[in-house]
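Okay, structure first, notes after.
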Amino acid sequence: MAPPQRRRSLGPVSPKRIYRSLSLKLRGGASHSEAEPSDWRRRLSRGPAEYSCLWDALENEDMLAVQHLLSKEKAKDGWVNSVSEFGLVPLDVAALTHNAPLLQVLVKAGAKHNPTLSSASDWSLKLDELVSLAEQKLEEWRAELLLRVKAELQSQTDLQKNVDQWTQRWELYRRMRDRFHTTAPPGPPASAVLLVTSDSCLCVRVTEPAGQTNGLISRYRVEWSSSSSFHPLCGTGFITNTRNPEFSITGLQTGVQYYVRVSAYNVRGWGSFVSSSPLCAAPSSWSACCGVTVRPRNPAAAVRRISQQIREPTLIENTSPVKRVSVSRGLKQLFHSSRFVRLLQRGVYLACVFYQKDSVLVTPDDQLPLVEIQSCSTSVTQDFLWFCKLSCAWTQVPRLLQVLSSSSLSSSSSLLQNRLSFLRAVAQLQASVGCVDLGQVYFKPLKDQQGNVLLVTLREVTTPLTPSDPPLHWLPVCSLEKNQSETPLLPEPSAVELLTHRLKEMLSYHRRSQQRAQSGLYVGVLKLCSSVDQLRILVPQRLPNMLCHSRVRNRPHVSREEWAWLQKHAVGGACDSQEGGDDAVIDSSGVEGFVKELRSAVTQLLTKLNVPLERACEYRVYTQELLQVGDQVSVILLLPSCEEFRSRQSPAEGAQHTFTVPLHIFELGKSLPTDITVRQLYYCTHVLMNL
């Protein structure tokens with residue numbers, strides 16, 4: 001009987017190989033030679049830092065690693081369009097493996113198509129060549145590895161890596177070739193919607209070909225011409241972002257009809273064209289219609305120019321008296337400039353609320369910063385209106401204080417003295433908290449039964465404040481409320497206690513007023529209620545810096561044809577937007593999409609306001625002007641009947657998620673950019689004056 005032979009050693013085995021083998025067996029996977037391509041990718045998956053180059057990650061089809069490598073500055077310039085030693089560019093791998101997520105990552109980084117392989121025959125020859133090369137290299141490395149094993153040499157790790165790498169490449173190239181042969185040229189896109197976006201621009205929105213299963217669309221071609229035969233062409237463009245295929249055609253002539261068509265591309269080539277819907281469109285704007293009012297696009301520049309012209313002359317003449325007044329009247333303020341009021345004693349007070357997340361800035365006594373206004377006026381409403389205007393010019397308080405101080409020497413006007421008291425209180429509060437910008441004025445003064453009036457400003461703090469005297473600190477709102485509830489209360493709550501109890505509500509209002517509406521076209525309704533001392537306007541709780549509104553579409557621009565239809569059919573009221581109307585007339589005018597979207601938005605708006613649709617005919621469309629709030633938001637204005645417009649009752653009765661604010665607060669629009677603030681200020685005033 002022959003002695004048992006000792007098993008030959010195959011050399012040292014790395015722990016990494018043992019782990020891969022054990023994990024493969026535990027998962028029930030195939031052996032090394034029987035593994036499928038998906039098994040290879042799973043076993044060879046590594047972190048982004050372990051890939052030597054972009055092509056190493058691409059061959060593994062590791063999208064996260066590719067995205068990480070492309071995020072580096074040095075990768076954006078050369079790697080994304082680098083040509084491999086086998087004549088491929090990164091976009092080829094994604095397109096031929098039908099890997100849409102990887103394709104989007106590469107396109108976003110600026111990847112381009114292969115400049116040397118453009119026809120189907122070139123691709124077929126190239127892929128056959130790559131598969132043959134991978135088979136040849138794989139056989140060579142396997143043969144060399146077998147020789148090393150027979151010779152019992154220990155340096156087998158590098159050879160095994162080469163075998164694994166070329167096995168993976170062979171499977172990748174074979175899969176790319178199989179996908180290429182099963183791919184057919186793309187069909188025409190399902191649709192190409194043509195939209196007017198300005199008086200010199202059109203936009204094309206493309207939908208992927210219907211039922212597209214063979215071949216990955218990697219780009220679209222857009223052609224436009226002023227002739228229906230597309231001879232000659234006015235221009236050609238390409239869409240590489242296939243996730244949101246959209247193309248803007250700029251530099252067009254206003255009023256000229258342009259025809260547009262679109263085709264799709266995959267590795268098999270270009271497909272057939274589809275004409276746009278509608279077939280043609282002319283760049284235009286609502287401002288070209290008759291009987292409309294066109295406002296200047298940048299009123300803020302004019303306001304700043306006027307402000308600059310009236311800024312300095314008075315100060316030069318009255319320099320010395322101002323200094324003498326500031327010294328003579330500054331002794332009392334010197335000892336009280338850094339002290340806050342703790343108890344209210346029947347007067348007018350100013351409080352500022354600086355908040356950061358769920359905390360507010362408080363004094364060492366855990367109270368909100370509060371100063372007294374030495375007011376001698378009996379009209380709180382007029383003072384509050386003037387104070388709201390002052391909140392738009394916090395930085396000008398020292399200059400205004402200097403001017404009014406000099407003017408008060410030669411005038412005994414109680415109104416002038418009252419304004420001077422407001423400015424001194426604001427300056428004292430600015431110096432005490434160490435910040436010039438006190439924020440936005442809350443739309444309603446707080447009054448208590450003891451005769452105190454509290455004006456409140458709110459501001460969200462995002463940057464560190466200048467150290468103040470006395471030092472202030474942050475306190476959670478819940479702790480402030482708890483401290484207030486533990487103190488003995490008067491029979492009726494004071495204005496400070498009302499502020500503490502309503503603080504969360506006020507902070508919520510301020511956060512919502514800082515939000516901006518999404519870009520698009522809206523329909524809004526102007527509903528007011530009047531009282532003895534002020535007008536109030538109905539606004540939504542979610543976005544109190546806009547009228548009650550409903551979104552029509554995500555494009556703010558309105559073409560001349562759309563506005564002309566609105567002028568013609570909405571003269572009798574908003575009922576024409578609700579009724580069916582003459583569909584033949586709508587179709588012939590090419591505005592059927594606009595009319596449908598407008599009808600839907602008006603219905604949704606009136607439903608939110610609990611207005612019966614039978615009363616829609618009582619509402620009128622303000623066709624004299626399209627309200628353009630900046631460049632991204634436009635509003636078509638609905639006006640109620642004259643009786644309801646001037647109603648003294650609150651228009652919020654029965655409406656959900658709405659409330660009213662004073663008209664002057666809404667016009668100031670402190671939370672909006674300057675150009676929007678100025679435009680809102682005269683928009684509402686202009687509309688009211690023309691009714």
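Letters for chains follow the order of the structure tokens (A, B, ...), residue numbers begin at 1 for each chain, and ligand numbers begin at 1 in the order shown.
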
query = What are the DSSP strand (DSSP E) residues of segment 337-498 of chain A, as a ChimeraX atom specification?
reply = /A:348-356,359-362,370-373,440-441,446-447,453-460,473-476

Show me, as a Markdown table, the residues of segment 338-424 of chain A having an atom within 12 Å of segment 511-526 of chain A, each with the closest atom pair and its distance in Å, using only C-alpha atoms.
```
| residue | atom | partner | partner_atom | distance |
| --- | --- | --- | --- | --- |
| A:Tyr355 | CA | A:Arg511 | CA | 10.5 |
| A:Gln356 | CA | A:Arg511 | CA | 11.2 |
| A:Lys357 | CA | A:Arg511 | CA | 10.4 |
| A:Asp358 | CA | A:Arg511 | CA | 11.8 |
```

Residues of the last selection are to be written out with N, CA and C atoms, as a PDB file, in the first residue's frame.
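Result file follows (out.pdb):
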```pdb
ATOM      1  N   TYR A 355     -33.543  86.035  17.727  1.00  0.00           N
ATOM      2  CA  TYR A 355     -33.679  84.600  17.990  1.00  0.00           C
ATOM      3  C   TYR A 355     -32.722  83.801  17.120  1.00  0.00           C
ATOM      4  N   GLN A 356     -32.393  82.653  17.636  1.00  0.00           N
ATOM      5  CA  GLN A 356     -31.487  81.727  16.963  1.00  0.00           C
ATOM      6  C   GLN A 356     -31.972  80.318  17.265  1.00  0.00           C
ATOM      7  N   LYS A 357     -32.565  79.669  16.239  1.00  0.00           N
ATOM      8  CA  LYS A 357     -33.238  78.382  16.421  1.00  0.00           C
ATOM      9  C   LYS A 357     -34.358  78.548  17.446  1.00  0.00           C
ATOM     10  N   ASP A 358     -34.278  77.912  18.602  1.00  0.00           N
ATOM     11  CA  ASP A 358     -35.337  77.982  19.608  1.00  0.00           C
ATOM     12  C   ASP A 358     -34.924  78.809  20.820  1.00  0.00           C
TER      13      ASP A 358
END
```

task = Choose the residue, out of A:Phe422, A:Tyr258, A:Tyr349, A:Phe387, that has the smallest atom-to-atom separation from Asn452 of chain A; count only C-alpha atoms.
result =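 Among the listed residues, A:Tyr349 lies closest to Asn452 of chain A.
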
task = Among the residues of segment 515-564 of chain A, find those DSSP assigns to alpha helix (DSSP H) from the backbone and print them as a count of residues only.
result = 5

Residues near Leu605 of chain A, cut-off 12 Å, only C-alpha atoms, skip fewer than 6 positions along chain, as a PyMOL selection string = chain A and resi 522-526+540+547-552+574+578+598-599+611-613+616+637-638+655-656

query = Do you know which residues are at most 7 Å from segment 173-185 of chain A counting only C-alpha atoms, after dropping those on the same chain fewer than 5 positions away, and could you put them as a PyMOL selection string?
reply = chain A and resi 96-97+127+130-131+214-215+266+268-271

Could you save those same residues with all heavy atoms as a CSV table (one decimal), in the first residue's frame?
```csv
chain,number,residue,atom,x,y,z
A,96,LEU,N,-23.1,52.1,-23.2
A,96,LEU,CA,-23.1,50.7,-23.7
A,96,LEU,C,-23.6,49.7,-22.6
A,96,LEU,O,-24.0,48.6,-23.0
A,96,LEU,CB,-21.8,50.3,-24.3
A,96,LEU,CG,-21.4,51.0,-25.6
A,96,LEU,CD1,-20.0,50.8,-25.9
A,96,LEU,CD2,-22.3,50.5,-26.7
A,97,THR,N,-23.5,50.1,-21.4
A,97,THR,CA,-24.0,49.2,-20.3
A,97,THR,C,-25.4,49.6,-19.9
A,97,THR,O,-26.0,49.0,-19.0
A,97,THR,CB,-23.1,49.1,-19.1
A,97,THR,OG1,-22.9,50.5,-18.6
A,97,THR,CG2,-21.7,48.6,-19.5
A,127,LEU,N,-15.8,47.0,-30.6
A,127,LEU,CA,-16.2,46.1,-29.5
A,127,LEU,C,-15.7,44.7,-29.7
A,127,LEU,O,-15.3,44.0,-28.8
A,127,LEU,CB,-17.7,46.1,-29.3
A,127,LEU,CG,-18.3,47.5,-28.8
A,127,LEU,CD1,-19.8,47.4,-28.8
A,127,LEU,CD2,-17.8,47.7,-27.4
A,130,LEU,N,-12.1,44.7,-28.7
A,130,LEU,CA,-11.9,44.7,-27.3
A,130,LEU,C,-12.1,43.4,-26.6
A,130,LEU,O,-11.4,43.0,-25.7
A,130,LEU,CB,-12.8,45.8,-26.7
A,130,LEU,CG,-12.4,47.3,-27.0
A,130,LEU,CD1,-13.5,48.2,-26.3
A,130,LEU,CD2,-11.0,47.6,-26.4
A,131,VAL,N,-13.2,42.7,-27.1
A,131,VAL,CA,-13.4,41.4,-26.5
A,131,VAL,C,-12.3,40.4,-26.8
A,131,VAL,O,-11.9,39.6,-26.0
A,131,VAL,CB,-14.8,40.8,-27.0
A,131,VAL,CG1,-15.0,39.4,-26.6
A,131,VAL,CG2,-15.9,41.7,-26.5
A,214,ASN,N,-34.7,49.3,-25.7
A,214,ASN,CA,-33.4,48.9,-26.2
A,214,ASN,C,-32.6,50.1,-26.5
A,214,ASN,O,-32.9,50.9,-27.5
A,214,ASN,CB,-33.6,48.1,-27.5
A,214,ASN,CG,-34.4,46.8,-27.2
A,214,ASN,OD1,-34.2,46.2,-26.2
A,214,ASN,ND2,-35.2,46.3,-28.2
A,215,GLY,N,-31.6,50.4,-25.7
A,215,GLY,CA,-30.7,51.5,-25.9
A,215,GLY,C,-31.0,52.6,-25.0
A,215,GLY,O,-32.2,53.0,-24.7
A,266,ASN,N,-28.7,57.4,-29.5
A,266,ASN,CA,-28.1,56.4,-28.7
A,266,ASN,C,-26.9,55.9,-29.4
A,266,ASN,O,-26.5,56.5,-30.5
A,266,ASN,CB,-29.0,55.3,-28.3
A,266,ASN,CG,-29.6,54.5,-29.5
A,266,ASN,OD1,-29.1,54.6,-30.6
A,266,ASN,ND2,-30.6,53.8,-29.2
A,268,ARG,N,-26.5,53.6,-31.4
A,268,ARG,CA,-26.8,53.2,-32.8
A,268,ARG,C,-27.0,54.4,-33.7
A,268,ARG,O,-27.1,54.2,-35.0
A,268,ARG,CB,-28.1,52.4,-32.8
A,268,ARG,CG,-27.8,50.9,-32.4
A,268,ARG,CD,-27.1,50.2,-33.5
A,268,ARG,NE,-27.0,48.8,-33.2
A,268,ARG,CZ,-26.4,47.9,-34.0
A,268,ARG,NH1,-26.0,48.3,-35.2
A,268,ARG,NH2,-26.3,46.6,-33.7
A,269,GLY,N,-27.0,55.6,-33.2
A,269,GLY,CA,-27.1,56.8,-34.0
A,269,GLY,C,-28.3,57.6,-33.7
A,269,GLY,O,-29.0,57.4,-32.7
A,270,TRP,N,-28.6,58.6,-34.6
A,270,TRP,CA,-29.7,59.5,-34.4
A,270,TRP,C,-31.0,58.9,-34.9
A,270,TRP,O,-31.1,58.2,-35.9
A,270,TRP,CB,-29.5,60.8,-35.2
A,270,TRP,CG,-28.4,61.7,-34.6
A,270,TRP,CD1,-27.1,61.8,-35.0
A,270,TRP,CD2,-28.5,62.5,-33.4
A,270,TRP,NE1,-26.4,62.6,-34.2
A,270,TRP,CE2,-27.2,63.1,-33.2
A,270,TRP,CE3,-29.5,62.8,-32.5
A,270,TRP,CZ2,-27.0,63.9,-32.1
A,270,TRP,CZ3,-29.3,63.6,-31.5
A,270,TRP,CH2,-28.0,64.2,-31.3
A,271,GLY,N,-32.1,59.2,-34.2
A,271,GLY,CA,-33.4,58.7,-34.6
A,271,GLY,C,-34.1,59.8,-35.4
A,271,GLY,O,-33.6,60.8,-35.8
```

inquiry  = Just want the 6 Å neighbourhood of Arg536 of chain A, counted on only C-alpha atoms, with same-chain residues fewer than 4 positions away dropped. Output as a VMD selection string.
reply    = chain A and resid 528 to 529 660 to 663

ask   = To one decimal place, how far is atom CA of Cys478 of chain A from atom CA of Tyr442 of chain A in Å?
value =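 Atom CA of Tyr442 of chain A lies 20.6 Å from atom CA of Cys478 of chain A.
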
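The shortest atom-to-atom distance to Trp166 of chain A, with only C-alpha atoms taken into account, belongs to A:Ala134 out of A:Val629, A:Leu535, A:Ala134, A:Val89.
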
inquiry  = Taking only C-alpha atoms into account, name the residue in A:Glu614, A:Gln632, A:Gln136, A:Leu343 that is nearest to Ser494 of chain A.
reply    =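 Residue with the minimum atom-to-atom distance to Ser494 of chain A: A:Leu343.
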
At a cut-off of 12 Å, using only C-alpha atoms, what residues contact segment 460-467 of chain A? Leave out same-chain residues fewer than 4 positions from it and give the result as a compact mmCIF listing (two decimals) with C-alpha atoms, in the first residue's frame.
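Contents of around07.txt, as written:
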```txt
# COMPACT_ATOMS: atom_id res chain seq x y z
CA CYS A 352 -36.41 93.65 20.13
CA VAL A 353 -36.49 89.87 19.77
CA PHE A 354 -33.29 88.35 18.42
CA TYR A 355 -33.68 84.60 17.99
CA GLN A 356 -31.49 81.73 16.96
CA LYS A 357 -33.24 78.38 16.42
CA ASP A 358 -35.34 77.98 19.61
CA SER A 359 -33.46 80.50 21.76
CA VAL A 360 -33.84 84.26 22.20
CA LEU A 361 -31.43 86.96 23.32
CA GLN A 430 -29.04 99.62 19.02
CA ALA A 431 -26.20 100.61 21.33
CA SER A 432 -27.37 98.32 24.13
CA VAL A 433 -27.70 95.15 22.05
CA GLY A 434 -24.64 95.91 19.92
CA CYS A 435 -26.47 95.66 16.58
CA VAL A 436 -27.78 98.29 14.15
CA ASP A 437 -30.30 96.11 12.30
CA LEU A 438 -33.16 95.49 14.73
CA GLY A 439 -35.12 93.40 12.22
CA GLN A 440 -38.70 93.45 11.01
CA PRO A 471 -23.82 91.49 28.42
CA LEU A 472 -26.70 89.53 26.90
CA HIS A 473 -27.08 85.78 26.63
CA TRP A 474 -29.22 83.19 24.84
CA MET A 506 -44.60 85.69 16.53
CA LEU A 507 -41.43 83.76 15.73
CA SER A 508 -43.42 81.42 13.52
CA TYR A 509 -44.91 84.39 11.67
CA HIS A 510 -41.48 85.91 11.15
CA ARG A 511 -39.99 82.67 9.80
CA ARG A 512 -42.88 82.28 7.36
CA SER A 513 -42.61 85.90 6.25
CA GLN A 514 -38.95 85.30 5.32
CA SER A 671 -38.65 90.36 4.31
```

query = Using only C-alpha atoms, which residues sit within 12 Å of segment 104-113 of chain A once same-chain residues fewer than 3 positions away are excluded, as a ChimeraX atom specification?
reply = /A:54,58,61-73,75-83,88-96,98-101,116-118,216-219,238-245,265-267,269
